[in-house]
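As stored in coords.cif (mmCIF, C-alpha atoms):
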data_work
#
loop_
_atom_site.group_PDB
_atom_site.id
_atom_site.type_symbol
_atom_site.label_atom_id
_atom_site.label_comp_id
_atom_site.auth_asym_id
_atom_site.auth_seq_id
_atom_site.Cartn_x
_atom_site.Cartn_y
_atom_site.Cartn_z
ATOM 1 C CA MET A 21 -7.539 10.332 -27.013
ATOM 2 C CA ASN A 22 -5.033 9.731 -24.274
ATOM 3 C CA PRO A 23 -5.440 6.473 -22.371
ATOM 4 C CA VAL A 24 -6.198 6.362 -18.657
ATOM 5 C CA VAL A 25 -3.783 4.137 -16.742
ATOM 6 C CA LEU A 26 -5.254 1.388 -14.583
ATOM 7 C CA GLN A 27 -3.259 -0.614 -12.058
ATOM 8 C CA ILE A 28 -4.797 -2.434 -9.098
ATOM 9 C CA ASP A 29 -2.409 -3.137 -6.233
ATOM 10 C CA ALA A 30 -2.173 -6.624 -4.747
ATOM 11 C CA ASP A 31 -3.504 -5.330 -1.407
ATOM 12 C CA HIS A 32 -6.769 -4.009 -2.912
ATOM 13 C CA PRO A 33 -9.661 -5.193 -0.679
ATOM 14 C CA SER A 34 -11.585 -6.714 -3.594
ATOM 15 C CA LEU A 35 -8.864 -9.309 -4.148
ATOM 16 C CA ALA A 36 -9.369 -11.119 -0.838
ATOM 17 C CA GLY A 37 -10.857 -14.462 -1.862
ATOM 18 C CA HIS A 38 -10.960 -13.596 -5.577
ATOM 19 C CA PHE A 39 -9.319 -16.171 -6.111
ATOM 20 C CA PRO A 40 -7.137 -17.776 -3.424
ATOM 21 C CA GLY A 41 -3.701 -18.636 -4.757
ATOM 22 C CA ARG A 42 -4.250 -16.823 -8.074
ATOM 23 C CA PRO A 43 -5.922 -13.455 -7.503
ATOM 24 C CA VAL A 44 -7.712 -11.818 -10.420
ATOM 25 C CA VAL A 45 -9.033 -8.257 -10.459
ATOM 26 C CA PRO A 46 -12.858 -8.503 -10.378
ATOM 27 C CA GLY A 47 -14.649 -7.189 -13.446
ATOM 28 C CA VAL A 48 -16.649 -4.765 -11.324
ATOM 29 C CA VAL A 49 -13.394 -3.070 -10.219
ATOM 30 C CA ILE A 50 -12.343 -2.667 -13.852
ATOM 31 C CA LEU A 51 -15.781 -1.293 -14.769
ATOM 32 C CA ASP A 52 -15.655 1.146 -11.850
ATOM 33 C CA ALA A 53 -12.362 2.512 -13.232
ATOM 34 C CA VAL A 54 -13.868 2.723 -16.737
ATOM 35 C CA HIS A 55 -16.849 4.635 -15.360
ATOM 36 C CA ALA A 56 -14.570 7.045 -13.458
ATOM 37 C CA ALA A 57 -12.581 7.695 -16.644
ATOM 38 C CA ALA A 58 -15.689 8.084 -18.840
ATOM 39 C CA ALA A 59 -17.876 10.274 -16.613
ATOM 40 C CA PRO A 60 -15.973 13.525 -17.293
ATOM 41 C CA ARG A 61 -16.206 12.859 -21.044
ATOM 42 C CA ALA A 62 -19.974 12.413 -20.820
ATOM 43 C CA GLY A 63 -20.321 15.771 -19.055
ATOM 44 C CA SER A 64 -21.333 16.957 -15.608
ATOM 45 C CA ASN A 65 -25.046 17.012 -16.519
ATOM 46 C CA PHE A 66 -25.043 13.281 -17.246
ATOM 47 C CA VAL A 67 -25.113 10.155 -15.067
ATOM 48 C CA LEU A 68 -24.476 6.520 -15.952
ATOM 49 C CA ARG A 69 -27.692 4.737 -16.910
ATOM 50 C CA HIS A 70 -26.348 1.333 -17.897
ATOM 51 C CA MET A 71 -23.654 -0.655 -19.636
ATOM 52 C CA PRO A 72 -25.577 -2.495 -22.361
ATOM 53 C CA GLN A 73 -22.555 -4.358 -23.629
ATOM 54 C CA VAL A 74 -19.456 -5.549 -21.762
ATOM 55 C CA LYS A 75 -17.116 -8.368 -22.707
ATOM 56 C CA PHE A 76 -14.124 -9.601 -20.711
ATOM 57 C CA LEU A 77 -11.600 -11.365 -22.913
ATOM 58 C CA GLN A 78 -8.682 -11.886 -20.531
ATOM 59 C CA PRO A 79 -8.117 -11.426 -16.788
ATOM 60 C CA LEU A 80 -6.330 -8.469 -15.236
ATOM 61 C CA LEU A 81 -3.885 -9.561 -12.546
ATOM 62 C CA PRO A 82 -2.926 -7.484 -9.508
ATOM 63 C CA GLY A 83 -0.092 -5.109 -10.330
ATOM 64 C CA GLN A 84 -0.518 -5.403 -14.102
ATOM 65 C CA LEU A 85 -0.530 -2.131 -15.976
ATOM 66 C CA ALA A 86 -3.548 -1.625 -18.224
ATOM 67 C CA LYS A 87 -4.891 1.313 -20.206
ATOM 68 C CA ILE A 88 -8.469 2.425 -20.615
ATOM 69 C CA MET A 89 -9.192 3.769 -24.084
ATOM 70 C CA LEU A 90 -12.394 5.768 -24.569
ATOM 71 C CA ASP A 91 -14.048 6.828 -27.804
ATOM 72 C CA GLU A 92 -15.666 10.227 -28.123
ATOM 73 C CA ALA A 93 -19.101 10.583 -26.543
ATOM 74 C CA VAL A 94 -21.780 10.018 -29.199
ATOM 75 C CA PRO A 95 -25.184 11.636 -28.701
ATOM 76 C CA VAL A 96 -28.038 9.132 -28.470
ATOM 77 C CA GLU A 97 -31.687 9.613 -27.598
ATOM 78 C CA ALA A 98 -31.806 11.377 -24.202
ATOM 79 C CA GLY A 99 -28.135 10.808 -23.512
ATOM 80 C CA ARG A 100 -24.652 9.950 -24.636
ATOM 81 C CA ARG A 101 -22.874 6.701 -25.427
ATOM 82 C CA LEU A 102 -19.171 5.982 -24.999
ATOM 83 C CA ARG A 103 -17.379 2.862 -26.162
ATOM 84 C CA PHE A 104 -14.321 1.621 -24.310
ATOM 85 C CA ARG A 105 -11.465 -0.837 -24.549
ATOM 86 C CA VAL A 106 -9.132 -1.955 -21.776
ATOM 87 C CA LEU A 107 -5.710 -3.103 -22.962
ATOM 88 C CA ILE A 108 -2.605 -4.714 -21.515
ATOM 89 C CA GLU A 109 0.100 -3.601 -23.913
ATOM 90 C CA ASP A 110 -1.624 -4.239 -27.271
ATOM 91 C CA ASP A 111 -3.919 -7.035 -26.052
ATOM 92 C CA VAL A 112 -7.568 -6.118 -25.534
ATOM 93 C CA ILE A 113 -8.811 -7.558 -22.243
ATOM 94 C CA ALA A 114 -12.242 -5.886 -22.068
ATOM 95 C CA THR A 115 -14.605 -3.954 -24.334
ATOM 96 C CA GLY A 116 -18.014 -2.421 -23.988
ATOM 97 C CA GLU A 117 -20.108 0.690 -23.910
ATOM 98 C CA LEU A 118 -21.617 2.989 -21.338
ATOM 99 C CA VAL A 119 -24.834 4.962 -21.758
ATOM 100 C CA PHE A 120 -25.230 8.213 -19.841
ATOM 101 C CA VAL A 121 -28.516 10.114 -19.465
ATOM 102 C CA GLU A 122 -29.240 13.653 -18.402
ATOM 103 C CA ARG A 123 -29.252 14.167 -14.667
ATOM 104 C CA MET A 124 -32.757 14.748 -13.312
ATOM 105 C CA PRO A 125 -33.235 18.183 -11.745
ATOM 106 C CA ASN A 126 -33.623 18.172 -7.943
ATOM 107 C CA GLY A 127 -37.067 18.786 -6.571
#
Please express what this file holds, its structure, as structure tokens.
Amino acid sequence: MNPVVLQIDADHPSLAGHFPGRPVVPGVVILDAVHAAAAPRAGSNFVLRHMPQVKFLQPLLPGQLAKIMLDEAVPVEAGRRLRFRVLIEDDVIATGELVFVERMPNG
């Protein structure tokens, strides 16, 4: 699978105060990008239920180029699971999995 490129600019609003003098991209911003990359793979009839496992191994700094690598969606009971890795060059900075469930019909 082709990686999804992730790069957070130094003027991103989440960096204000996170951390003064040495800004670090918040984990939630990284996970938001992972979710955006994974959602199309899960399918339009599925929504994110939870991320049962996430591990941050190294920080992502503003302006650093990272890649999001996604495994194929694996069917699980009532949904689909995708595993991910976020890398800077060949160094893994984050890993985890996302679980998607079928979207509830309206009404």
Take the PyMOL selection byres ((chain A and resi 56) around 12), run it mentally on this structure, and tell me the resulting residues as a tab-separated table (two decimals) with C-alpha atoms, keeping the file's coordinate frame.
chain	number	residue	atom	x	y	z
A	24	VAL	CA	-6.20	6.36	-18.66
A	25	VAL	CA	-3.78	4.14	-16.74
A	26	LEU	CA	-5.25	1.39	-14.58
A	49	VAL	CA	-13.39	-3.07	-10.22
A	50	ILE	CA	-12.34	-2.67	-13.85
A	51	LEU	CA	-15.78	-1.29	-14.77
A	52	ASP	CA	-15.66	1.15	-11.85
A	53	ALA	CA	-12.36	2.51	-13.23
A	54	VAL	CA	-13.87	2.72	-16.74
A	55	HIS	CA	-16.85	4.64	-15.36
A	57	ALA	CA	-12.58	7.70	-16.64
A	58	ALA	CA	-15.69	8.08	-18.84
A	59	ALA	CA	-17.88	10.27	-16.61
A	60	PRO	CA	-15.97	13.52	-17.29
A	61	ARG	CA	-16.21	12.86	-21.04
A	62	ALA	CA	-19.97	12.41	-20.82
A	63	GLY	CA	-20.32	15.77	-19.06
A	67	VAL	CA	-25.11	10.15	-15.07
A	68	LEU	CA	-24.48	6.52	-15.95
A	88	ILE	CA	-8.47	2.42	-20.62
A	90	LEU	CA	-12.39	5.77	-24.57
A	118	LEU	CA	-21.62	2.99	-21.34
Residues selected by the PyMOL selection byres ((chain A and resi 75-78) around 6), written as a list in words: Val74, Pro79, Ile113, Ala114 and Thr115 of chain A
Computed interatomic separation between atom CA of A:Asn22 and atom CA of A:Arg69 (Å):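 Here the two named atoms are 24.3 Å from each other.
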Target residues per the PyMOL selection byres ((chain A and resi 65) around 6), formatted as a ChimeraX atom specification: /A:63-64,66,122-123
Residue with smallest distance to A:Ile28 - pool A:Phe104, A:Glu97, A:Met89, A:Val44, counting all atoms listed in the file: A:Val44
Straight-line distance linking atom CA of A:Ala86 with atom CA of A:Pro46, stated in Å to one decimal: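 A separation of 14.0 Å between them.
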Pick from A:Met124, A:Met71, A:Val45, A:Val119, whichever lies nearest to A:Leu85 using all atoms listed in the file: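 Distance minimum relative to A:Leu85 lands on A:Val45.
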Å distance separating atom CA of A:Val106 from atom CA of A:Asp29, one decimal place: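 Separation between atom CA of A:Val106 and atom CA of A:Asp29: 17.0 Å.
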A:Asp31 environment, 10 Å, all atoms listed in the file, sequence neighbours closer than 4 positions dropped, as a list in words: Leu35, Ala36, Pro82 and Gly83 of chain A
Nearest residue to A:Asp110 from the set A:Lys87, A:Pro33, A:Asn126, A:Gly41 (distances using only C-alpha atoms): A:Lys87
Residues within 10 Å of A:Pro95, only C-alpha atoms, excluding chain neighbours under 3 positions, as a ChimeraX atom specification: /A:62,92,98-102,119-121
Top pick for closest residue to A:Arg105, considering A:Gln84, A:Gly37, A:Pro125, A:Gln73 and counting all atoms listed in the file: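 Of all the options, A:Gln73 lies closest to A:Arg105.
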From A:Val96, A:Gly116, A:Leu81, A:His70, residue lying nearest A:Phe39 [all atoms listed in the file]: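 When distances to A:Phe39 are compared using all atoms listed in the file, the smallest one comes from A:Leu81.
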